[in-house]
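Source file: my_file-v6.txt; contents: compact mmCIF, C-alpha atoms and all ligand atoms.
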```
# COMPACT_ATOMS: atom_id res chain seq x y z
CA MET A 1094 0.00 0.00 0.00
CA GLU A 1095 2.78 2.40 0.86
CA ASN A 1096 4.43 4.82 -1.53
CA LYS A 1097 2.21 4.12 -4.50
CA PHE A 1098 0.83 7.18 -6.22
CA ILE A 1099 -1.57 8.10 -8.99
CA LEU A 1100 -0.55 10.99 -11.21
CA VAL A 1101 -3.67 13.12 -11.74
CA ILE A 1102 -3.69 15.35 -14.81
CA ASN A 1103 -6.12 18.13 -15.67
CA CYS A 1104 -5.19 19.42 -19.10
CA GLY A 1105 -6.65 22.69 -20.41
CA SER A 1106 -6.00 24.48 -23.68
CA SER A 1107 -3.05 26.44 -22.28
CA SER A 1108 -2.35 24.79 -18.93
CA ILE A 1109 -1.74 21.44 -17.28
CA LYS A 1110 -2.49 20.95 -13.59
CA PHE A 1111 -0.99 17.85 -12.06
CA SER A 1112 -0.70 16.15 -8.70
CA LEU A 1113 0.74 12.99 -7.30
CA ILE A 1114 -1.76 11.47 -4.89
CA ALA A 1115 -1.80 8.41 -2.65
CA PRO A 1116 -5.43 7.33 -3.09
CA HIS A 1117 -5.80 5.55 0.23
CA ASN A 1118 -4.85 8.52 2.42
CA GLY A 1119 -4.85 11.57 0.13
CA GLN A 1120 -1.16 12.28 0.71
CA GLU A 1121 0.06 14.66 -2.03
CA PRO A 1122 3.85 15.03 -2.03
CA LEU A 1123 3.95 16.78 -5.41
CA SER A 1124 1.59 19.02 -7.34
CA GLY A 1125 1.93 21.83 -9.80
CA ILE A 1126 0.81 23.68 -12.87
CA ALA A 1127 2.27 24.35 -16.30
CA GLN A 1128 0.84 27.63 -17.55
CA ASN A 1129 0.81 29.87 -20.63
CA LEU A 1130 1.56 26.90 -22.87
CA LEU A 1131 1.86 27.78 -26.56
CA THR A 1132 3.17 31.26 -25.61
CA GLU A 1133 6.62 32.75 -24.91
CA GLN A 1134 5.73 32.95 -21.21
CA ALA A 1135 5.27 29.19 -20.76
CA ASN A 1136 6.39 28.10 -17.31
CA ILE A 1137 5.93 25.30 -14.87
CA THR A 1138 5.63 25.46 -11.09
CA PHE A 1139 6.23 22.38 -8.94
CA LYS A 1140 5.11 22.23 -5.33
CA LEU A 1141 7.29 19.58 -3.72
CA ASN A 1142 6.48 18.79 -0.09
CA GLY A 1143 5.13 22.33 0.31
CA GLU A 1144 8.05 24.10 -1.41
CA LYS A 1145 7.44 25.94 -4.71
CA ILE A 1146 9.91 25.60 -7.59
CA LYS A 1147 9.25 27.62 -10.77
CA GLN A 1148 10.93 26.92 -14.11
CA ASP A 1149 10.56 28.43 -17.58
CA LEU A 1150 9.67 25.90 -20.23
CA PRO A 1151 11.93 25.59 -23.28
CA SER A 1152 10.53 26.24 -26.76
CA PRO A 1153 8.24 25.07 -28.40
CA PHE A 1154 6.17 25.36 -25.18
CA VAL A 1155 3.65 22.67 -26.05
CA HIS A 1156 1.84 20.17 -23.83
CA HIS A 1157 4.37 17.43 -24.67
CA THR A 1158 7.21 19.65 -23.45
CA ALA A 1159 5.47 20.21 -20.15
CA LEU A 1160 4.75 16.50 -19.68
CA SER A 1161 8.40 15.63 -20.45
CA HIS A 1162 9.40 18.12 -17.78
CA ILE A 1163 7.08 16.49 -15.28
CA VAL A 1164 8.52 13.04 -16.10
CA HIS A 1165 12.03 14.39 -15.62
CA PHE A 1166 11.09 16.01 -12.31
CA LEU A 1167 9.52 12.74 -11.10
CA GLN A 1168 12.73 10.89 -12.01
CA GLN A 1169 14.96 13.46 -10.31
CA ASN A 1170 12.94 13.22 -7.13
CA LYS A 1171 12.77 9.42 -7.17
CA PHE A 1172 9.01 9.23 -7.66
CA SER A 1173 9.01 7.46 -11.05
CA ASP A 1174 8.87 3.93 -9.66
CA GLN A 1175 6.07 4.84 -7.30
CA VAL A 1176 3.64 6.12 -9.95
CA VAL A 1177 1.34 3.23 -10.85
CA ALA A 1178 -1.28 4.88 -13.09
CA VAL A 1179 -2.37 8.19 -14.59
CA GLY A 1180 -5.87 9.63 -14.05
CA HIS A 1181 -7.19 12.32 -16.40
CA ARG A 1182 -9.97 14.77 -15.79
CA VAL A 1183 -12.07 14.72 -18.97
CA VAL A 1184 -14.79 17.32 -19.25
CA HIS A 1185 -17.36 15.66 -21.50
CA GLY A 1186 -18.22 11.97 -21.57
CA GLY A 1187 -21.59 12.47 -23.28
CA GLU A 1188 -24.11 9.66 -22.68
CA ARG A 1189 -21.41 7.09 -23.45
CA TYR A 1190 -19.53 7.32 -20.14
CA SER A 1191 -21.15 7.18 -16.73
CA GLU A 1192 -18.13 5.60 -15.02
CA PRO A 1193 -14.38 6.18 -14.94
CA THR A 1194 -12.92 4.36 -17.93
CA LEU A 1195 -9.61 2.70 -18.78
CA ILE A 1196 -8.29 4.49 -21.87
CA ASN A 1197 -7.62 2.46 -25.02
CA ASP A 1198 -7.77 3.25 -28.75
CA ASP A 1199 -11.56 2.83 -28.85
CA VAL A 1200 -12.02 5.23 -25.95
CA MET A 1201 -9.75 7.79 -27.64
CA ALA A 1202 -11.83 7.51 -30.83
CA THR A 1203 -15.04 8.03 -28.85
CA LEU A 1204 -13.57 11.04 -27.05
CA GLU A 1205 -12.75 12.54 -30.45
CA GLN A 1206 -16.35 11.99 -31.51
CA LEU A 1207 -17.60 13.67 -28.35
CA SER A 1208 -15.44 16.76 -28.89
CA HIS A 1209 -18.22 18.53 -30.77
CA LEU A 1210 -20.15 18.64 -27.45
CA ALA A 1211 -17.27 20.38 -25.64
CA PRO A 1212 -15.12 22.07 -28.30
CA LEU A 1213 -13.41 24.30 -25.72
CA HIS A 1214 -12.43 21.46 -23.38
CA ASN A 1215 -12.30 17.92 -24.80
CA PRO A 1216 -9.63 18.58 -27.47
CA ALA A 1217 -7.30 19.84 -24.71
CA ASN A 1218 -8.07 16.76 -22.60
CA ILE A 1219 -7.26 14.54 -25.59
CA THR A 1220 -3.97 16.39 -26.13
CA GLY A 1221 -3.11 15.78 -22.48
CA ILE A 1222 -3.90 12.08 -22.70
CA THR A 1223 -1.84 11.65 -25.88
CA ALA A 1224 1.11 13.46 -24.34
CA ALA A 1225 0.81 11.43 -21.13
CA GLN A 1226 0.59 8.16 -23.07
CA GLN A 1227 3.92 9.01 -24.68
CA ALA A 1228 5.50 10.23 -21.47
CA PHE A 1229 4.26 7.31 -19.34
CA SER A 1230 3.97 4.58 -21.96
CA ALA A 1231 4.16 1.75 -19.42
CA LEU A 1232 1.33 3.05 -17.22
CA PRO A 1233 -2.42 2.50 -17.50
CA GLN A 1234 -4.41 5.71 -18.04
CA VAL A 1235 -7.95 6.37 -16.91
CA ALA A 1236 -10.49 9.03 -17.93
CA VAL A 1237 -12.69 10.45 -15.17
CA PHE A 1238 -15.55 12.47 -16.62
CA ASP A 1239 -17.02 15.71 -15.27
CA THR A 1240 -20.38 14.70 -16.72
CA ALA A 1241 -20.47 11.10 -15.40
CA PHE A 1242 -22.10 11.74 -12.01
CA HIS A 1243 -25.08 13.42 -13.71
CA GLN A 1244 -25.88 10.46 -15.96
CA THR A 1245 -28.45 9.36 -13.35
CA MET A 1246 -30.67 12.40 -14.10
CA PRO A 1247 -34.15 11.44 -15.34
CA ALA A 1248 -35.22 12.48 -18.86
CA MET A 1249 -37.59 14.98 -17.24
CA ALA A 1250 -34.51 16.83 -15.96
CA TYR A 1251 -32.13 16.45 -18.87
CA LEU A 1252 -34.35 17.17 -21.89
CA TYR A 1253 -34.83 20.65 -23.27
CA ALA A 1254 -38.24 21.55 -24.68
CA LEU A 1255 -36.83 21.52 -28.20
CA PRO A 1256 -37.82 19.23 -31.09
CA TYR A 1257 -37.03 15.71 -29.84
CA GLU A 1258 -34.98 14.94 -32.96
CA LEU A 1259 -32.28 17.31 -31.74
CA TYR A 1260 -31.73 14.98 -28.81
CA GLN A 1261 -32.05 11.78 -30.85
CA LYS A 1262 -29.86 12.84 -33.75
CA HIS A 1263 -27.43 15.28 -32.15
CA GLY A 1264 -27.36 14.49 -28.43
CA ILE A 1265 -28.60 17.97 -27.49
CA ARG A 1266 -29.61 17.65 -23.82
CA ARG A 1267 -28.49 18.71 -20.36
CA TYR A 1268 -25.29 16.87 -19.33
CA GLY A 1269 -24.09 18.95 -16.39
CA PHE A 1270 -20.52 19.42 -15.17
CA HIS A 1271 -18.55 19.58 -11.88
CA GLY A 1272 -19.82 16.01 -11.39
CA THR A 1273 -16.69 14.82 -9.59
CA SER A 1274 -16.99 17.70 -7.13
CA HIS A 1275 -20.73 17.23 -6.45
CA TYR A 1276 -20.08 13.48 -6.00
CA TYR A 1277 -17.24 14.07 -3.54
CA VAL A 1278 -18.94 16.70 -1.37
CA SER A 1279 -22.22 14.75 -1.19
CA ARG A 1280 -20.30 11.65 0.03
CA GLN A 1281 -18.46 13.76 2.60
CA ALA A 1282 -21.73 15.38 3.70
CA THR A 1283 -23.29 11.95 4.23
CA ARG A 1284 -20.37 11.06 6.51
CA LEU A 1285 -20.45 14.40 8.32
CA LEU A 1286 -24.11 13.91 9.20
CA ASN A 1287 -23.60 10.23 10.11
CA LEU A 1288 -26.14 9.09 7.53
CA PRO A 1289 -25.99 5.56 6.13
CA GLU A 1290 -23.79 5.34 2.98
CA SER A 1291 -25.64 6.34 -0.25
CA THR A 1292 -28.68 7.75 1.51
CA GLY A 1293 -27.97 11.47 1.71
CA SER A 1294 -30.18 13.92 -0.17
CA PHE A 1295 -28.62 17.33 -0.67
CA ILE A 1296 -28.55 20.41 -2.82
CA SER A 1297 -24.93 21.22 -3.43
CA ALA A 1298 -23.61 24.56 -4.66
CA HIS A 1299 -20.18 24.43 -6.31
CA LEU A 1300 -19.30 28.12 -6.43
CA GLY A 1301 -15.99 28.98 -8.04
CA ASN A 1302 -15.09 30.89 -11.17
CA GLY A 1303 -17.45 28.36 -12.77
CA ALA A 1304 -20.53 27.61 -10.68
CA SER A 1305 -23.23 24.95 -10.67
CA ILE A 1306 -25.95 23.67 -8.37
CA CYS A 1307 -26.86 19.99 -8.14
CA ALA A 1308 -29.83 18.16 -6.63
CA ILE A 1309 -28.73 14.84 -5.15
CA GLU A 1310 -31.22 12.20 -4.00
CA ASN A 1311 -29.85 9.19 -2.12
CA GLY A 1312 -26.36 9.93 -3.37
CA LYS A 1313 -27.37 10.28 -7.05
CA SER A 1314 -27.57 13.39 -9.18
CA VAL A 1315 -31.17 14.06 -10.21
CA ASP A 1316 -30.76 17.55 -11.68
CA THR A 1317 -28.07 20.16 -12.19
CA SER A 1318 -27.87 23.73 -13.43
CA MET A 1319 -25.22 23.47 -16.15
CA GLY A 1320 -26.51 22.07 -19.42
CA LEU A 1321 -25.21 20.97 -22.80
CA THR A 1322 -22.33 23.32 -22.01
CA PRO A 1323 -21.01 24.91 -18.79
CA LEU A 1324 -22.56 28.26 -19.82
CA SER A 1325 -26.02 27.73 -18.36
CA GLY A 1326 -27.42 27.98 -14.84
CA VAL A 1327 -26.35 30.43 -12.15
CA VAL A 1328 -24.21 33.56 -12.58
CA MET A 1329 -20.45 32.81 -12.77
CA GLY A 1330 -17.15 34.73 -12.79
CA THR A 1331 -17.34 35.71 -16.46
CA ARG A 1332 -20.22 33.53 -17.76
CA SER A 1333 -23.76 34.82 -17.83
CA GLY A 1334 -25.54 31.66 -16.71
CA ASP A 1335 -29.16 31.44 -17.93
CA VAL A 1336 -30.39 34.29 -20.12
CA ASP A 1337 -33.40 34.62 -22.39
CA PRO A 1338 -32.15 33.01 -25.65
CA GLY A 1339 -34.03 35.77 -27.50
CA ILE A 1340 -31.29 38.16 -26.32
CA ILE A 1341 -28.85 36.39 -28.62
CA PHE A 1342 -30.98 37.14 -31.69
CA HIS A 1343 -31.50 40.71 -30.55
CA LEU A 1344 -27.72 41.15 -30.23
CA ILE A 1345 -27.11 39.69 -33.68
CA ASN A 1346 -30.08 41.05 -35.64
CA SER A 1347 -30.59 44.46 -34.04
CA LEU A 1348 -27.22 45.37 -32.53
CA GLY A 1349 -24.92 43.91 -35.20
CA TYR A 1350 -22.95 41.47 -33.03
CA SER A 1351 -21.20 38.58 -34.81
CA HIS A 1352 -21.62 34.99 -33.55
CA GLN A 1353 -18.10 35.11 -32.12
CA GLN A 1354 -18.80 38.39 -30.33
CA VAL A 1355 -21.93 36.92 -28.72
CA ASN A 1356 -19.98 33.83 -27.71
CA ASP A 1357 -17.28 35.96 -26.11
CA LEU A 1358 -19.84 38.26 -24.47
CA LEU A 1359 -21.66 35.36 -22.79
CA ASN A 1360 -18.56 33.35 -21.82
CA LYS A 1361 -15.90 35.96 -21.08
CA ASP A 1362 -17.47 39.39 -20.46
CA SER A 1363 -20.58 38.59 -18.41
CA GLY A 1364 -21.26 37.21 -14.93
CA LEU A 1365 -19.70 38.96 -11.93
CA LEU A 1366 -17.24 40.74 -14.23
CA GLY A 1367 -19.89 42.14 -16.56
CA LEU A 1368 -22.26 43.19 -13.79
CA SER A 1369 -19.67 44.68 -11.42
CA LYS A 1370 -17.62 46.34 -14.21
CA LEU A 1371 -14.75 45.56 -11.84
CA SER A 1372 -13.64 41.94 -11.62
CA ASN A 1373 -14.63 38.31 -11.98
CA ASP A 1374 -12.92 37.64 -8.66
CA CYS A 1375 -15.31 37.38 -5.74
CA ARG A 1376 -12.69 38.59 -3.27
CA ALA A 1377 -12.12 41.83 -5.22
CA ILE A 1378 -15.87 42.42 -5.39
CA GLU A 1379 -16.34 41.85 -1.65
CA GLU A 1380 -13.47 44.22 -0.88
CA ALA A 1381 -15.03 46.91 -3.10
CA ILE A 1382 -18.32 46.53 -1.22
CA LEU A 1383 -16.85 46.47 2.26
CA ASN A 1384 -14.04 49.01 1.82
CA ASP A 1385 -15.43 51.42 -0.81
CA ASN A 1386 -19.19 50.92 -0.49
CA ASN A 1387 -19.14 50.21 -4.24
CA GLN A 1388 -22.84 49.90 -5.21
CA GLN A 1389 -22.17 48.35 -8.63
CA ALA A 1390 -20.17 45.59 -6.94
CA LYS A 1391 -22.97 45.10 -4.41
CA LEU A 1392 -25.54 44.79 -7.19
CA ALA A 1393 -23.39 42.14 -8.91
CA LEU A 1394 -23.04 40.07 -5.74
CA ASP A 1395 -26.74 40.51 -4.84
CA ILE A 1396 -27.70 39.08 -8.25
CA PHE A 1397 -25.13 36.28 -7.90
CA CYS A 1398 -26.51 35.25 -4.48
CA TYR A 1399 -30.20 35.64 -5.36
CA ARG A 1400 -29.85 33.47 -8.45
CA ILE A 1401 -28.08 30.74 -6.45
CA ALA A 1402 -30.83 30.84 -3.81
CA LYS A 1403 -33.53 30.65 -6.50
CA GLN A 1404 -31.85 27.61 -8.04
CA ILE A 1405 -31.53 25.89 -4.65
CA ALA A 1406 -35.21 26.54 -3.95
CA ALA A 1407 -36.17 25.21 -7.38
CA TYR A 1408 -34.41 21.92 -6.64
CA THR A 1409 -36.68 21.19 -3.70
CA ALA A 1410 -39.05 20.10 -6.50
CA SER A 1411 -36.50 17.48 -7.57
CA LEU A 1412 -36.15 15.83 -4.15
CA THR A 1413 -38.40 13.87 -1.79
CA SER A 1414 -36.33 14.86 1.24
CA LEU A 1415 -33.53 17.30 2.01
CA ASP A 1416 -30.78 16.49 4.52
CA GLY A 1417 -29.03 19.81 3.99
CA ILE A 1418 -27.39 22.16 1.54
CA ILE A 1419 -23.68 22.14 0.74
CA PHE A 1420 -21.32 24.98 -0.19
CA THR A 1421 -18.06 24.18 -1.98
CA GLY A 1422 -15.63 25.65 -4.57
CA GLY A 1423 -13.39 28.69 -3.99
CA ILE A 1424 -16.33 30.98 -3.16
CA GLY A 1425 -18.50 28.39 -1.38
CA GLU A 1426 -15.61 27.29 0.83
CA ASN A 1427 -14.32 30.75 1.70
CA SER A 1428 -16.91 33.51 1.35
CA ASP A 1429 -18.94 33.89 4.53
CA TYR A 1430 -20.51 36.94 2.82
CA VAL A 1431 -21.92 34.92 -0.10
CA ARG A 1432 -23.09 32.05 2.13
CA GLN A 1433 -24.86 34.47 4.45
CA GLN A 1434 -26.55 36.26 1.55
CA VAL A 1435 -27.65 33.06 -0.20
CA VAL A 1436 -29.09 31.48 2.92
CA SER A 1437 -30.88 34.72 3.89
CA PHE A 1438 -33.20 34.11 0.91
CA LEU A 1439 -34.00 30.55 2.07
CA SER A 1440 -35.56 30.89 5.51
CA VAL A 1441 -38.79 29.38 4.12
CA LEU A 1442 -36.81 26.11 3.82
CA ASN A 1443 -35.83 26.35 7.49
CA LEU A 1444 -32.26 27.29 6.63
CA VAL A 1445 -30.62 29.71 9.05
CA ILE A 1446 -26.89 30.42 9.37
CA ASP A 1447 -24.98 30.81 12.65
CA ASN A 1448 -22.84 33.91 12.04
CA THR A 1449 -19.93 32.82 14.22
CA LEU A 1450 -19.72 29.35 12.67
CA ASN A 1451 -20.03 30.91 9.21
CA ILE A 1452 -17.01 33.16 9.77
CA GLN A 1453 -15.00 30.37 11.43
CA THR A 1454 -15.58 27.78 8.69
CA ARG A 1455 -13.28 28.93 5.91
CA PHE A 1456 -9.86 28.24 4.36
CA GLY A 1457 -10.13 24.46 4.13
CA LYS A 1458 -12.33 23.81 7.16
CA ALA A 1459 -15.44 21.63 6.88
CA GLY A 1460 -18.53 21.81 9.07
CA ASN A 1461 -22.17 22.62 9.62
CA ILE A 1462 -22.63 26.40 9.83
CA ALA A 1463 -26.37 26.35 10.53
CA THR A 1464 -28.04 27.24 13.84
CA ALA A 1465 -29.08 24.33 16.06
CA ASP A 1466 -32.72 24.28 14.92
CA SER A 1467 -31.99 24.88 11.21
CA ARG A 1468 -31.63 22.26 8.54
CA PRO A 1469 -27.86 21.63 8.06
CA VAL A 1470 -25.87 24.11 5.96
CA LEU A 1471 -22.57 22.38 5.24
CA VAL A 1472 -19.27 23.80 4.06
CA ILE A 1473 -17.16 21.07 2.48
CA PRO A 1474 -13.86 21.73 0.70
CA THR A 1475 -13.95 19.83 -2.58
CA ASN A 1476 -11.19 17.49 -3.71
CA GLU A 1477 -11.71 16.44 -7.31
CA GLU A 1478 -8.10 15.25 -7.61
CA LEU A 1479 -8.53 12.76 -4.77
CA VAL A 1480 -11.66 11.31 -6.41
CA ILE A 1481 -9.80 11.00 -9.74
CA ALA A 1482 -6.90 9.25 -7.96
CA GLN A 1483 -9.22 6.88 -6.10
CA GLN A 1484 -11.29 6.01 -9.15
CA THR A 1485 -8.15 5.53 -11.25
CA ALA A 1486 -6.73 3.15 -8.63
CA GLU A 1487 -10.02 1.26 -8.55
CA VAL A 1488 -10.31 0.90 -12.34
CA THR A 1489 -6.68 -0.12 -12.78
CA GLN A 1490 -6.58 -2.22 -9.59
CA THR A 1491 -3.11 -0.84 -9.02
CA LEU A 1492 -3.21 -0.57 -5.25
P1 LIG B 1 -12.28 28.28 -7.89
O1 LIG B 1 -12.67 28.47 -9.34
O2 LIG B 1 -13.03 27.17 -7.22
O3 LIG B 1 -10.79 28.20 -7.68
O4 LIG B 1 -12.74 29.62 -7.12
C1 LIG B 1 -12.26 30.88 -7.48
C2 LIG B 1 -13.13 31.94 -6.81
O5 LIG B 1 -13.08 31.77 -5.38
C3 LIG B 1 -12.70 33.35 -7.11
O6 LIG B 1 -13.83 34.15 -7.43
C4 LIG B 1 -12.12 33.82 -5.78
O7 LIG B 1 -12.27 35.20 -5.60
C5 LIG B 1 -12.99 33.06 -4.80
N1 LIG B 1 -12.39 33.06 -3.47
C6 LIG B 1 -11.28 32.43 -3.06
N2 LIG B 1 -11.01 32.75 -1.76
C7 LIG B 1 -11.97 33.61 -1.35
C8 LIG B 1 -12.25 34.30 -0.14
N3 LIG B 1 -11.47 34.19 0.93
N4 LIG B 1 -13.35 35.09 -0.09
C9 LIG B 1 -14.14 35.22 -1.18
N5 LIG B 1 -13.94 34.59 -2.34
C10 LIG B 1 -12.87 33.79 -2.44
```

Could you take the file, read its structure, and then write that structure out as structure tokens?
Ligand code: AMP
Amino acid sequence: MENKFILVINCGSSSIKFSLIAPHNGQEPLSGIAQNLLTEQANITFKLNGEKIKQDLPSPFVHHTALSHIVHFLQQNKFSDQVVAVGHRVVHGGERYSEPTLINDDVMATLEQLSHLAPLHNPANITGITAAQQAFSALPQVAVFDTAFHQTMPAMAYLYALPYELYQKHGIRRYGFHGTSHYYVSRQATRLLNLPESTGSFISAHLGNGASICAIENGKSVDTSMGLTPLSGVVMGTRSGDVDPGIIFHLINSLGYSHQQVNDLLNKDSGLLGLSKLSNDCRAIEEAILNDNNQQAKLALDIFCYRIAKQIAAYTASLTSLDGIIFTGGIGENSDYVRQQVVSFLSVLNLVIDNTLNIQTRFGKAGNIATADSRPVLVIPTNEELVIAQQTAEVTQTL
């Protein structure tokens, strides 16, 4: 059992996040990120036993270069023999994948086919897998899908009210994302409340730069706010979340926007950034409210919190019981301001926050921040990498 690690890789279009994790106890001796790939500023930062080491990457700054660097670093630090498998975060598994999957040629071909559903994400994931296959040719590789946890949603939840052929012929439906996070925090919540395994029913709010809400009944996802793409649902850092689709035609037909401009507007210029005219970063917005009484920032955060509360309330229709609500993600784990605001809209559901516990439960702490007679309000730091490591170990039976 000892000293066997899974290398977890999360490959984006211009970055690779990686960590070496012991799946049985979560020990993480090495982690890091290669950033600005494909640019002159490409660099890689290793965090080895808590110490940060930053290196520039040599030209041509591609994903393969970064992976070679990681292999070299593992060798230098005598980890190579202890890595037994590689686990990849893959954004979109479509309807094909509801479980973590050992990667082979067929799986790679299917991932290519699914790329049209996630053109911004899956191609980068495929690049990462290909580079890792070359770098770690002797090791089994596993894909863990962001969409997989939501494959238990009923048709009532995942179908859009569009012509049914669009679903049948083109797979247009709600898939949902952040599945690994919602899965992890709902399992942790079940333990925290001492409920029997696989019985907990929760509404979990993953609030980070991307944000989604998930209704979980007896440990299974039954509805979630992101859709065919991660653009829908609640307000996010730079994404709009749900808007009237008629706005898109108004922008194009009446205001002269191009398709690309609308895409950029909804994905990059909206959300907290667009509303606050200040930042997509929740911390900066809170500081502007608290230090400068910035009313535009307050409006942005009011809308952010109200929309989350509305989505949580809507998901009471998806559940037959509710053991509690869960906050996670960078904002959910750390912002007592946002948690307080969101829960203030939900007193009808018997949800009331204890102010002292709310302020105390931040920066990696987990706990119930509700008052004694309220339904539980749980803060649970997410750990998607640990889930990927554990599922990779399980699929490959390497530990
Ligand atoms: P994530 O995408 O999960 O890494 O979350 C990023 C978001 O978490 C950003 O909007 C940060 O501003 C926010 N965040 C991190 N720490 C804090 C904090 N102490 N207070 C408020 N927001 C925070």

- Residues at most 12 Å from ligand LIG 1 (chain B), using only C-alpha atoms and all ligand atoms? Could they come as a PyMOL selection string? chain A and resi 1271+1274+1298-1305+1328-1331+1364-1366+1372-1381+1394+1397+1420-1432+1452-1457+1474-1477

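Interatomic distance, CA of Asn1346 in chain A to CA of Ser1333 in chain A: 19.9 Å.
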
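Closest approach to Arg1182 in chain A among A:Asp1362, A:Glu1478, A:Glu1310, A:Glu1258: A:Glu1478, based on all atoms listed in the file.
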
- Item | Distance of CA of Leu1123 in chain A from CA of Val1480 in chain A, expressed in Å to one decimal place | 16.6 Å

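Of note, CA of Ser1297 in chain A and CA of Ser1191 in chain A are spaced 19.7 Å apart.
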
- Task: Tell me, as a list in words, which residues lie within 7 Å of Thr1240 in chain A, counting only C-alpha atoms; anything in the same chain fewer than 6 positions away does not count.
- Result: Val1184, His1185, Gly1186, Tyr1268, Gly1269, Phe1270 and Gly1272 of chain A

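Of the residues under consideration (A:Leu1286, A:Leu1321, A:Ala1178, A:Ala1463), A:Leu1321 shows the shortest atom-to-atom contact distance to Tyr1253 in chain A when counting only C-alpha atoms.
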
5 Å per side around range 1383-1401 of chain A: axis-aligned box centre and edge lengths, as JSON:
```
{"center_x": -22.1, "center_y": 41.1, "center_z": -3.3, "size_x": 26.2, "size_y": 30.7, "size_z": 21.2}
```
